[in-house]
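A quick write-up on the structure given underneath.
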Amino acid sequence: MEGIEMEEGLIRPIVDTMEDGDFCNSILSRFSTSPREDHQHLCAVIGAMSQEFKDLNIPSTPVAYFGATCSSLDRLFSELEPASHVVEALLTILSLLLPRVSVAILKKKRGFVSGLVVRVLQSSWLTVGAASSGLKCLSHFLIIRDGDTWSEISQLYGILMGFVVDSRIKVRRQAHLCLRYVLEKFQGTSLVAPASEGITNLFERFYLLAGGSNANSSEGPKGAQEILHILDALKDCLALMSTKYTTTLLKYFKNLLELHQPFVTRRLTDSLLLLCLNPDAGVSAQALLDILCSLALSVTTKETSVDGMAFTARLLDVGMVKVYSVNRQICVVKLPVVFNALRDILASEHEEATHAAVNTFKSLIHACIDESLIKQGVDEIKMADLNMDSRKSGPTIIEKVCAMMESLLGYLYTPVLDLVFQVISSMFDKLGEASFYLMRGILKSLADVQKLPDEDFPFRKQLHECIGSALGAMGAKNFLSLLPLNLKADDLSEVNVWLFPILKRYTVGSSLNFFREEIYSMIGLMRQKSEKLKLQGRVSSSRSADALLYSLWSFLPSFCNYPLDTAESLKDLEKVLCSTLDEEPDLRGIICSSLQILIQQNKKFLENGNEALDLTDSDAGFARQQVMTYYTQQVAANNLTALKLSSRAFLPVLSSVFLKSRKDDGGSLQSTIAEFASISEKKDISSFFRSKMQELLKVTQKVGKAENSANSNSMQIDEPLDESSPQVMRARLFDLVVSLLPGLNMREVELLFTAIRPALQDREGLIQKKAYKVLSIILRTRDEFLSSKFEDLLKDLEEALLSCHFSAKRHRLDCLYFLIVHVSKANRWSNITSSFLTEIILALKEANKKTRNRAYDILVQIGHAFGDEEKGGKKENLFQFFNMVAGGLTGETPYMISAAVKGLARLVYEFSDLVSTACNLLPSTFLLLQRKNREIIKANLGLLKVLVAKSKAEGLQLHLRSMVEGILMWQDESKTHFKAKVKLLLEMLVKKCGLDAVKAVMPEEHMKLLTNIRKIKERKERKLSAPSEEARSQVSRATTSRQSRWNHTKIFSDFGDEEAEDSDAEYMDEKTVSGGQGKSLTQFKSKASTLRSRKGKNLPAHLFDQAEDEPLDLLDRHRTRSALRSQENLKRKKDSDDEMELDSDGRLVIHEGGKPKKEKPFRAESDTRSEAGSKLSANSKKTKKRQKTSESGWAYTGSEYATKKASGDVKKKDKLEPYAYWPLDRKMMSRRPEHRTAAKKGMASVVKMTKKLEGKSASSLLSGGLKFKRSHNHKKSGKKKSK
């Protein structure tokens, strides 16, 4: 049966796929619906058997069917010409029954049944289906033999072998599968050898026929075809044969490969690949290696296909690894031959082949290059370097391989240099420190490649990664000896600056001692060179030297990245770092980050072991392996001990620098002090803490005396604090002592709290801010302190509320957060903590942006603390917290009500579980929308935005009418600027609920607005379906949805400024926090906005979507005002005495004695000049196609510096030195030659008159000098006047 043998024989020839139950029903259910004739015959035969069993009352067991089938076959052979379709059906039934019949019965009837099968297989009327089923039965009888006697099964095995070269493809394929199945079952027995011998004899017989001396023999071509059939069988069976006969066949394979016939070569390589992939296959290493070398040589001498080269590369990979596992010595000798073949494949530039070659390169480098091979090459090189004589012996194997690696950098491999760099990187990683001896030339060649210009070399990044691998393998010392930075060069442009980023990125597991001895000496050299250049007056070169000096110091964090000598070399580096911290302010950040890296890495390793190694992908390779090998728990403990000892020197220096520095960039000094405090001895930190607290006490007393004297003087005016004032010193001491918190005990923390309690109500904002900051840090890190001092904290924070300075508000909110969370865990809610929550809600409307943002964040964090189960919360607590915030809606002031609405919006945005609860508040929201208060209306519209964006359409349908009516009451209100918001909300409702649903509840008088929304939507849809690629890309840029985070400025903005387009997609995302768990999504800024300015230079970027045929939406106040502003901004602004003057920071500038008026000399052409830069001037309504450029010749004359007493200018107090100028003339850039000529003549006349004008005042020169440049202009103006 063809349909059965192909289904069940793909993996193994005998598979029981029938269901449990009656055998007949299983066959009928499977094949009764098949239209094929052979299946119908099968069903008819099995049905007849079943019916006969029923008639005779015989149980329908597999044994009964087995007996009936064998009897039927025996009776058929008594006929002269038995029906072939019946025989085929009976053999199919027999093949399906054999797995179901017990082995004992089969062994008993083996001779009889196998004889029947053999008679069928040897008959002349054998069909394809009968042959396939008979081969299955035959293989099954080979398996259930009585013993391991070959003579018992040799006859059946010979019959099976005869079908291996059958001309019918399905029969042949089934014979191959059965042969593989039999060999698999023979494994581990003595039958493998004779079975393998039978396959080998069959192959040899046809091999001799195919290549016999009688070329005219009729069996010659037939023998060749049989060879191909046997090769197909060997693809499945070669790996299962005994080693002796596998070796014999491999010798024939080598001869066949020399034919270079693709259909023969592919069959051979397939068999070899499966042989090498089988780890249990026995094979002669020498025979396999000879074939692999023959294949490698065929790649270099004989052009092959792309598939052939790729397959050969993969075969060389698994084959050489197989040979290496059997016989390492003969494998490594042939590595240069294989690498040479891979090199030729890499030069083919075919993508599949080159990638296969690169993977093989990497695999063989990793598997076949061992320490013995590397050591042999290194020893030879060292001996040659010592003797300084010519080498008598030839290059070692590893040297030959490295020479091939270097040849890959030749011009032949330029298109695949990125892949070449991967191979070379693997070689560096494998050789490790030995690459300093074996790959010197390669590293220098890589440096030469770096000199290629960018336009000719697109693989700069891959090159630097390769050089980084060399750095990690060799180490910084050996690397810099081969590729020096060249800092001693007289010309600083010759310094190898390109090595600096490589050293910073790829240095790991290096030596602190090397930094101190080598890099620090380079730093001293560059410092001397900078001073020398400065004395010579070469300021630019001196600055370049300073930049190099800073770059050298920037290596320090990299050298602190898991160094291998921290415990031994840190003491020597300590003095250098301390002096630099004290003397070089610009380098403090680098040194602090380096010290933090040292401490943090060793602390993590001591806690978590190898899991704490936070090496990046760039650190992979030899350096990573070296670090993982070197670092142990003991090494990390020793490193921390050395750091503890050094903390006694570093802490005083760091604290002194911190107290003297004006600013601590990034808090690096504080963070470093905190890291040292976490590892230092407790007694040392306690002593240091007490000394600083004494200083804080003295400064506080000094500040108190100063305040008392200030209070006695009623005329004292508040002034900005001086950097050296006691108040500033007090604030710095607060920051310093809190940095020691990781090393303080509970008693010292309480002492610190006692010191900051009065400062919470200090009238100086800076002191308040620092006190609250210190308190928030204590509450964040010390839970036991919070528990013990909870009542005192409540009292202090309540008393300090009225006196809280606005600058300290943010840190006060942090303190309130920790108190509220503590209460939620202890279930001790009180009125005081309720007032704290009210304070947080009110902070949502703070003018300070940081405070406002922090209030929103704290509100969300409290929600997570109440609702997240992993934090001990419950959903019921989250709903309770939401209701508490909603209680602010009953506030008496619009300020409180609007703040509560904003808080509710933020919680609904974060927690999807609160959406349904918030919808219950919609009636209250609609009532609030009726109040004539701008703050309340704006907040409620923002809440509606969030609810519409986060709610499902079904939930919105219930409140759709009330929502539409509520927001439309502000559609016609012109003073409140809510039209854009109302339109936006309607657009969102249309997207959520559909146009028809909104139209059904829309009042008749507002249908025009809905029509406008529909037209805009249809216009965008037309653009999306437009055939023009430009139109589609334009709309896609405008409507692409982006993940975003909460942005209260957009949600509660005055005019809907940023939300006119897809606002629900711009600032909201449907992926909210579900079940009280979530994180704010990261906002990605679209690059589309940067491209909009390319379309239409006269159109602002935000009006880009209104380009082409789309009219300006006059209902959108934002777009209308932006359009007007864009025109006004193109005009030159006129000075006005009534305008406010602002500096670059946006602060108001007030001049004592009033703002000076600017004198403007009257000129007839002044109007023309003032409007020259505008493309939308008052004359733009005329029929001119192009506006003329401004006329040349006007200038600032400096008339206020002129004097009547003598020639020349005079200097005046508090004014700039005398000056005058001609402005740049835009006609110099004109494309018209006459414009450029006129402008050049004017400038040339100025240069010619320099000698004539010596000794005269600037005002007289300019007023007189304008004649030669403006004579033509005067004529024009004169004509105008005469008119």
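If you're wondering about the labels, chains in the structure tokens are A, B, ... by order shown, residues count from 1 in each chain, ligands from 1 in order shown.
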
Could you pull the residues within 6 Å of stretch 670-674 of chain A, counting only C-alpha atoms, minus those fewer than 5 positions along the same chain, as number ranges by chain? A: 592, 596, 739-740

Considering only C-alpha atoms, return as a ChimeraX atom specification whatever protein or nucleic-acid residues lie within 12 Å of A:Phe688, sequence-local ones (same chain, fewer than 6 positions apart) excluded. /A:647-649,651-652,655,673,677,680-682,694-695,736-737,739-741,743-744,748

Any chance you can output those residues with N, CA, C and O atoms as a PDB file, in the first residue's frame?
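Done, and the output landed in out00.pdb:
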ATOM      1  N   SER A 647      39.898  53.610  52.915  1.00  0.00           N
ATOM      2  CA  SER A 647      38.838  54.568  53.246  1.00  0.00           C
ATOM      3  C   SER A 647      39.295  55.571  54.304  1.00  0.00           C
ATOM      4  O   SER A 647      38.784  56.696  54.348  1.00  0.00           O
ATOM      5  N   ARG A 648      40.237  55.187  55.146  1.00  0.00           N
ATOM      6  CA  ARG A 648      40.745  56.118  56.156  1.00  0.00           C
ATOM      7  C   ARG A 648      41.460  57.294  55.514  1.00  0.00           C
ATOM      8  O   ARG A 648      41.509  58.389  56.100  1.00  0.00           O
ATOM      9  N   ALA A 649      42.029  57.080  54.336  1.00  0.00           N
ATOM     10  CA  ALA A 649      42.679  58.184  53.618  1.00  0.00           C
ATOM     11  C   ALA A 649      41.695  58.909  52.710  1.00  0.00           C
ATOM     12  O   ALA A 649      41.760  60.138  52.560  1.00  0.00           O
ATOM     13  N   LEU A 651      38.214  59.130  52.880  1.00  0.00           N
ATOM     14  CA  LEU A 651      37.078  59.824  53.477  1.00  0.00           C
ATOM     15  C   LEU A 651      37.401  61.262  53.879  1.00  0.00           C
ATOM     16  O   LEU A 651      36.622  62.177  53.574  1.00  0.00           O
ATOM     17  N   PRO A 652      38.516  61.535  54.584  1.00  0.00           N
ATOM     18  CA  PRO A 652      38.823  62.934  54.915  1.00  0.00           C
ATOM     19  C   PRO A 652      39.009  63.801  53.688  1.00  0.00           C
ATOM     20  O   PRO A 652      38.563  64.962  53.661  1.00  0.00           O
ATOM     21  N   SER A 655      35.517  64.356  51.999  1.00  0.00           N
ATOM     22  CA  SER A 655      34.686  65.287  52.768  1.00  0.00           C
ATOM     23  C   SER A 655      35.216  66.706  52.686  1.00  0.00           C
ATOM     24  O   SER A 655      34.444  67.668  52.577  1.00  0.00           O
ATOM     25  N   ILE A 673      31.351  58.888  49.030  1.00  0.00           N
ATOM     26  CA  ILE A 673      31.431  58.861  50.493  1.00  0.00           C
ATOM     27  C   ILE A 673      30.497  57.793  51.055  1.00  0.00           C
ATOM     28  O   ILE A 673      30.852  57.050  51.982  1.00  0.00           O
ATOM     29  N   ALA A 677      31.438  54.543  53.241  1.00  0.00           N
ATOM     30  CA  ALA A 677      30.815  54.368  54.556  1.00  0.00           C
ATOM     31  C   ALA A 677      30.188  52.992  54.696  1.00  0.00           C
ATOM     32  O   ALA A 677      30.135  52.428  55.794  1.00  0.00           O
ATOM     33  N   SER A 680      33.388  50.563  55.363  1.00  0.00           N
ATOM     34  CA  SER A 680      34.416  50.908  56.355  1.00  0.00           C
ATOM     35  C   SER A 680      34.076  50.311  57.716  1.00  0.00           C
ATOM     36  O   SER A 680      32.940  49.891  57.980  1.00  0.00           O
ATOM     37  N   GLU A 681      35.071  50.321  58.573  1.00  0.00           N
ATOM     38  CA  GLU A 681      34.874  49.855  59.944  1.00  0.00           C
ATOM     39  C   GLU A 681      33.892  50.786  60.658  1.00  0.00           C
ATOM     40  O   GLU A 681      33.946  52.007  60.503  1.00  0.00           O
ATOM     41  N   LYS A 682      32.992  50.203  61.444  1.00  0.00           N
ATOM     42  CA  LYS A 682      31.964  50.996  62.108  1.00  0.00           C
ATOM     43  C   LYS A 682      32.562  52.024  63.059  1.00  0.00           C
ATOM     44  O   LYS A 682      32.060  53.141  63.162  1.00  0.00           O
ATOM     45  N   GLN A 694      30.010  67.720  65.327  1.00  0.00           N
ATOM     46  CA  GLN A 694      30.526  68.835  66.121  1.00  0.00           C
ATOM     47  C   GLN A 694      30.702  70.077  65.262  1.00  0.00           C
ATOM     48  O   GLN A 694      30.372  71.199  65.684  1.00  0.00           O
ATOM     49  N   GLU A 695      31.199  69.885  64.056  1.00  0.00           N
ATOM     50  CA  GLU A 695      31.313  71.023  63.129  1.00  0.00           C
ATOM     51  C   GLU A 695      29.936  71.579  62.811  1.00  0.00           C
ATOM     52  O   GLU A 695      29.747  72.807  62.739  1.00  0.00           O
ATOM     53  N   LEU A 736      26.738  66.035  53.830  1.00  0.00           N
ATOM     54  CA  LEU A 736      27.888  65.190  54.146  1.00  0.00           C
ATOM     55  C   LEU A 736      27.530  64.116  55.171  1.00  0.00           C
ATOM     56  O   LEU A 736      27.845  62.932  54.993  1.00  0.00           O
ATOM     57  N   VAL A 737      26.874  64.527  56.237  1.00  0.00           N
ATOM     58  CA  VAL A 737      26.600  63.545  57.303  1.00  0.00           C
ATOM     59  C   VAL A 737      25.580  62.509  56.853  1.00  0.00           C
ATOM     60  O   VAL A 737      25.642  61.341  57.267  1.00  0.00           O
ATOM     61  N   SER A 739      25.447  61.316  53.928  1.00  0.00           N
ATOM     62  CA  SER A 739      26.180  60.383  53.072  1.00  0.00           C
ATOM     63  C   SER A 739      26.797  59.258  53.882  1.00  0.00           C
ATOM     64  O   SER A 739      27.066  58.179  53.351  1.00  0.00           O
ATOM     65  N   LEU A 740      27.018  59.508  55.184  1.00  0.00           N
ATOM     66  CA  LEU A 740      27.596  58.481  56.056  1.00  0.00           C
ATOM     67  C   LEU A 740      26.541  57.510  56.581  1.00  0.00           C
ATOM     68  O   LEU A 740      26.876  56.605  57.354  1.00  0.00           O
ATOM     69  N   LEU A 741      25.289  57.684  56.175  1.00  0.00           N
ATOM     70  CA  LEU A 741      24.192  56.896  56.728  1.00  0.00           C
ATOM     71  C   LEU A 741      24.396  55.386  56.601  1.00  0.00           C
ATOM     72  O   LEU A 741      24.031  54.649  57.526  1.00  0.00           O
ATOM     73  N   GLY A 743      26.834  53.624  57.132  1.00  0.00           N
ATOM     74  CA  GLY A 743      27.719  53.111  58.170  1.00  0.00           C
ATOM     75  C   GLY A 743      27.327  53.501  59.575  1.00  0.00           C
ATOM     76  O   GLY A 743      28.090  53.240  60.517  1.00  0.00           O
ATOM     77  N   LEU A 744      26.157  54.124  59.751  1.00  0.00           N
ATOM     78  CA  LEU A 744      25.749  54.604  61.069  1.00  0.00           C
ATOM     79  C   LEU A 744      24.854  53.582  61.762  1.00  0.00           C
ATOM     80  O   LEU A 744      24.080  52.867  61.123  1.00  0.00           O
ATOM     81  N   GLU A 748      23.209  56.771  66.275  1.00  0.00           N
ATOM     82  CA  GLU A 748      23.752  57.902  65.491  1.00  0.00           C
ATOM     83  C   GLU A 748      22.713  58.454  64.535  1.00  0.00           C
ATOM     84  O   GLU A 748      22.674  59.670  64.276  1.00  0.00           O
TER      85      GLU A 748
END

Please build the interface table for stretch 198-280 of chain A against stretch 173-186 of chain A with a cut-off of 10 Å, listing for each qualifying residue the nearest atom pair and the distance in Å to one decimal; count only C-alpha atoms, order rows by chain and increasing number, and write it as a Markdown table.
| residue | atom | partner | partner_atom | distance |
| --- | --- | --- | --- | --- |
| A:Ile199 | CA | A:Leu179 | CA | 9.7 |
| A:His229 | CA | A:Arg173 | CA | 9.3 |
| A:Ile230 | CA | A:His176 | CA | 8.8 |
| A:Asp232 | CA | A:His176 | CA | 7.9 |
| A:Ala233 | CA | A:His176 | CA | 5.2 |
| A:Leu234 | CA | A:His176 | CA | 8.4 |
| A:Lys235 | CA | A:His176 | CA | 9.3 |
| A:Asp236 | CA | A:Arg180 | CA | 6.1 |
| A:Cys237 | CA | A:Arg180 | CA | 5.4 |
| A:Leu238 | CA | A:Arg180 | CA | 9.1 |
| A:Ala239 | CA | A:Arg180 | CA | 9.8 |
| A:Leu240 | CA | A:Leu183 | CA | 6.3 |
| A:Met241 | CA | A:Leu183 | CA | 7.5 |

Would you kindly return, as a PDB file with C-alpha atoms, in the first residue's frame, each protein, DNA or RNA residue with an atom no farther than 8 Å from any atom of A:Phe31, considering only C-alpha atoms and excluding same-chain residues fewer than 5 positions away?
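Contents of the output file selection.pdb:
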ATOM      1  CA  HIS A  39      -7.376   1.354   0.080  1.00  0.00           C
ATOM      2  CA  GLN A  40     -10.767   0.095  -0.992  1.00  0.00           C
ATOM      3  CA  CYS A  43     -11.070  -2.357   3.537  1.00  0.00           C
TER       4      CYS A  43
END

If you take only C-alpha atoms and a cut-off of 9 Å, which residues of stretch 369-463 of chain A touch stretch 328-341 of chain A, and what are their nearest atom pairs and distances in Å to one decimal, in chain and number order, as CSV?
residue,atom,partner,partner_atom,distance
A:Ile369,CA,A:Val332,CA,7.5
A:Leu373,CA,A:Val332,CA,8.2
A:Ile397,CA,A:Val333,CA,6.8
A:Ile398,CA,A:Pro336,CA,8.6
A:Lys400,CA,A:Pro336,CA,6.5
A:Val401,CA,A:Pro336,CA,5.8
A:Met404,CA,A:Asn340,CA,7.2
A:Met405,CA,A:Phe339,CA,9.0

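We find atom CA of A:Ala357 and atom CA of A:Val420 to be spaced 10.2 Å apart.
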
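Excluding A:Leu135 and any residue on its chain fewer than 2 positions from it, the residues at most 9 Å away by only C-alpha atoms are Pro13, Ser95, Val117, Leu121, Ala130, Ala131, Ser132, Ser133, Cys137, Leu138, Ser139, His140, Leu160, Phe163, Val171, Gln174, Ala175 and Cys178 of chain A.
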
For the selection you just gave me, I'd like the residues written to a file as a JSON list (two decimals), in the first residue's frame, keeping N, CA, C and O atoms.
[["chain", "number", "residue", "atom", "x", "y", "z"],
["A", 13, "PRO", "N", 10.38, 1.59, 9.83],
["A", 13, "PRO", "CA", 9.47, 0.84, 8.95],
["A", 13, "PRO", "C", 8.30, 0.22, 9.68],
["A", 13, "PRO", "O", 7.25, 0.00, 9.08],
["A", 95, "SER", "N", 1.74, -6.44, 7.81],
["A", 95, "SER", "CA", 2.72, -5.45, 8.31],
["A", 95, "SER", "C", 2.16, -4.62, 9.45],
["A", 95, "SER", "O", 2.89, -4.20, 10.35],
["A", 117, "VAL", "N", 6.36, -14.41, 3.05],
["A", 117, "VAL", "CA", 6.75, -13.07, 2.62],
["A", 117, "VAL", "C", 7.83, -13.15, 1.55],
["A", 117, "VAL", "O", 7.80, -12.42, 0.55],
["A", 121, "LEU", "N", 7.88, -11.63, -2.25],
["A", 121, "LEU", "CA", 8.90, -10.69, -2.70],
["A", 121, "LEU", "C", 9.67, -11.22, -3.91],
["A", 121, "LEU", "O", 10.19, -10.44, -4.71],
["A", 130, "ALA", "N", 2.87, -4.10, -2.46],
["A", 130, "ALA", "CA", 3.18, -5.37, -1.84],
["A", 130, "ALA", "C", 4.66, -5.44, -1.45],
["A", 130, "ALA", "O", 5.01, -5.98, -0.39],
["A", 131, "ALA", "N", 5.54, -4.91, -2.31],
["A", 131, "ALA", "CA", 6.97, -4.92, -2.00],
["A", 131, "ALA", "C", 7.27, -4.10, -0.76],
["A", 131, "ALA", "O", 8.06, -4.51, 0.12],
["A", 132, "SER", "N", 6.67, -2.92, -0.64],
["A", 132, "SER", "CA", 6.93, -2.07, 0.52],
["A", 132, "SER", "C", 6.44, -2.74, 1.80],
["A", 132, "SER", "O", 7.15, -2.76, 2.82],
["A", 133, "SER", "N", 5.22, -3.30, 1.77],
["A", 133, "SER", "CA", 4.71, -3.99, 2.96],
["A", 133, "SER", "C", 5.53, -5.23, 3.27],
["A", 133, "SER", "O", 5.79, -5.54, 4.44],
["A", 137, "CYS", "N", 7.66, -6.27, 6.76],
["A", 137, "CYS", "CA", 7.56, -7.55, 7.47],
["A", 137, "CYS", "C", 8.92, -8.23, 7.58],
["A", 137, "CYS", "O", 9.28, -8.80, 8.64],
["A", 138, "LEU", "N", 9.69, -8.18, 6.52],
["A", 138, "LEU", "CA", 11.01, -8.81, 6.51],
["A", 138, "LEU", "C", 11.92, -8.20, 7.56],
["A", 138, "LEU", "O", 12.63, -8.91, 8.29],
["A", 139, "SER", "N", 11.92, -6.88, 7.65],
["A", 139, "SER", "CA", 12.78, -6.21, 8.64],
["A", 139, "SER", "C", 12.32, -6.55, 10.07],
["A", 139, "SER", "O", 13.15, -6.67, 10.97],
["A", 140, "HIS", "N", 11.02, -6.73, 10.25],
["A", 140, "HIS", "CA", 10.54, -7.08, 11.57],
["A", 140, "HIS", "C", 11.01, -8.48, 11.98],
["A", 140, "HIS", "O", 11.37, -8.71, 13.14],
["A", 160, "LEU", "N", 16.65, -8.50, 1.65],
["A", 160, "LEU", "CA", 16.49, -7.05, 1.90],
["A", 160, "LEU", "C", 17.53, -6.25, 1.14],
["A", 160, "LEU", "O", 17.21, -5.20, 0.55],
["A", 163, "PHE", "N", 16.82, -5.39, -2.56],
["A", 163, "PHE", "CA", 15.91, -4.30, -2.89],
["A", 163, "PHE", "C", 16.54, -2.92, -2.69],
["A", 163, "PHE", "O", 15.90, -1.92, -3.00],
["A", 171, "VAL", "N", 9.97, 1.57, -3.69],
["A", 171, "VAL", "CA", 10.45, 0.32, -3.11],
["A", 171, "VAL", "C", 11.88, 0.49, -2.60],
["A", 171, "VAL", "O", 12.24, 0.03, -1.51],
["A", 174, "GLN", "N", 11.92, 2.48, 0.61],
["A", 174, "GLN", "CA", 11.46, 1.67, 1.74],
["A", 174, "GLN", "C", 12.54, 0.69, 2.17],
["A", 174, "GLN", "O", 12.74, 0.44, 3.37],
["A", 175, "ALA", "N", 13.29, 0.14, 1.21],
["A", 175, "ALA", "CA", 14.39, -0.77, 1.54],
["A", 175, "ALA", "C", 15.48, -0.05, 2.32],
["A", 175, "ALA", "O", 16.07, -0.59, 3.27],
["A", 178, "CYS", "N", 14.22, 0.40, 5.88],
["A", 178, "CYS", "CA", 14.24, -0.86, 6.62],
["A", 178, "CYS", "C", 15.67, -1.27, 6.96],
["A", 178, "CYS", "O", 15.93, -1.80, 8.06]]

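The neighbours of A:Leu492 here are the residues that come within 9 Å of it, using only C-alpha atoms and leaving out any residue fewer than 6 positions away in the same chain; they are Asn486, Ser541, Ser544 and Ala545 of chain A.
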
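Atom CA of A:Leu250 is positioned 9.0 Å from atom CA of A:Asp290.
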
Give me the residues within 6 Å of stretch 754-771 of chain A as a list in words, counting only C-alpha atoms and dropping any in the same chain fewer than 5 places off. Ala731, Ala800, Ser803, His805 and Ala808 of chain A

Show me, as a PyMOL selection string, the residues that have an atom within 8 Å of stretch 579-586 of chain A when counting only C-alpha atoms, minus same-chain residues fewer than 5 positions from it. chain A and resi 591+653-654+657

Would you write out those residues with N, CA and C atoms, as a compact mmCIF listing (two decimals), in the first residue's frame?
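Output below, filename again.txt:
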# COMPACT_ATOMS: atom_id res chain seq x y z
N ILE A 591 37.39 60.13 39.09
CA ILE A 591 37.97 59.37 40.20
C ILE A 591 36.86 58.79 41.09
N VAL A 653 39.65 63.24 52.66
CA VAL A 653 39.88 64.03 51.44
C VAL A 653 38.56 64.31 50.74
N LEU A 654 37.74 63.29 50.61
CA LEU A 654 36.45 63.47 49.94
C LEU A 654 35.57 64.46 50.67
N VAL A 657 36.99 68.02 50.23
CA VAL A 657 36.71 68.53 48.89
C VAL A 657 35.23 68.87 48.75

Between A:Tyr895, A:Lys108, A:Gln122, A:Phe978, which has the minimum distance to A:Ile144 (counting only C-alpha atoms)? A:Lys108

Residue nearest A:Glu349 among A:Leu91, A:Leu995, A:Val306, A:Gly966 (counting only C-alpha atoms): A:Val306

Just list the residues in stretch 874-978 of chain A DSSP gives helix (DSSP H, G or I) on the backbone, as a VMD selection string. chain A and resid 875 to 890 894 to 910 912 to 919 922 to 929 934 to 950 953 to 958 960 to 968

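Interatomic distance, atom CA of A:Leu274 to atom CA of A:Cys368: 20.1 Å.
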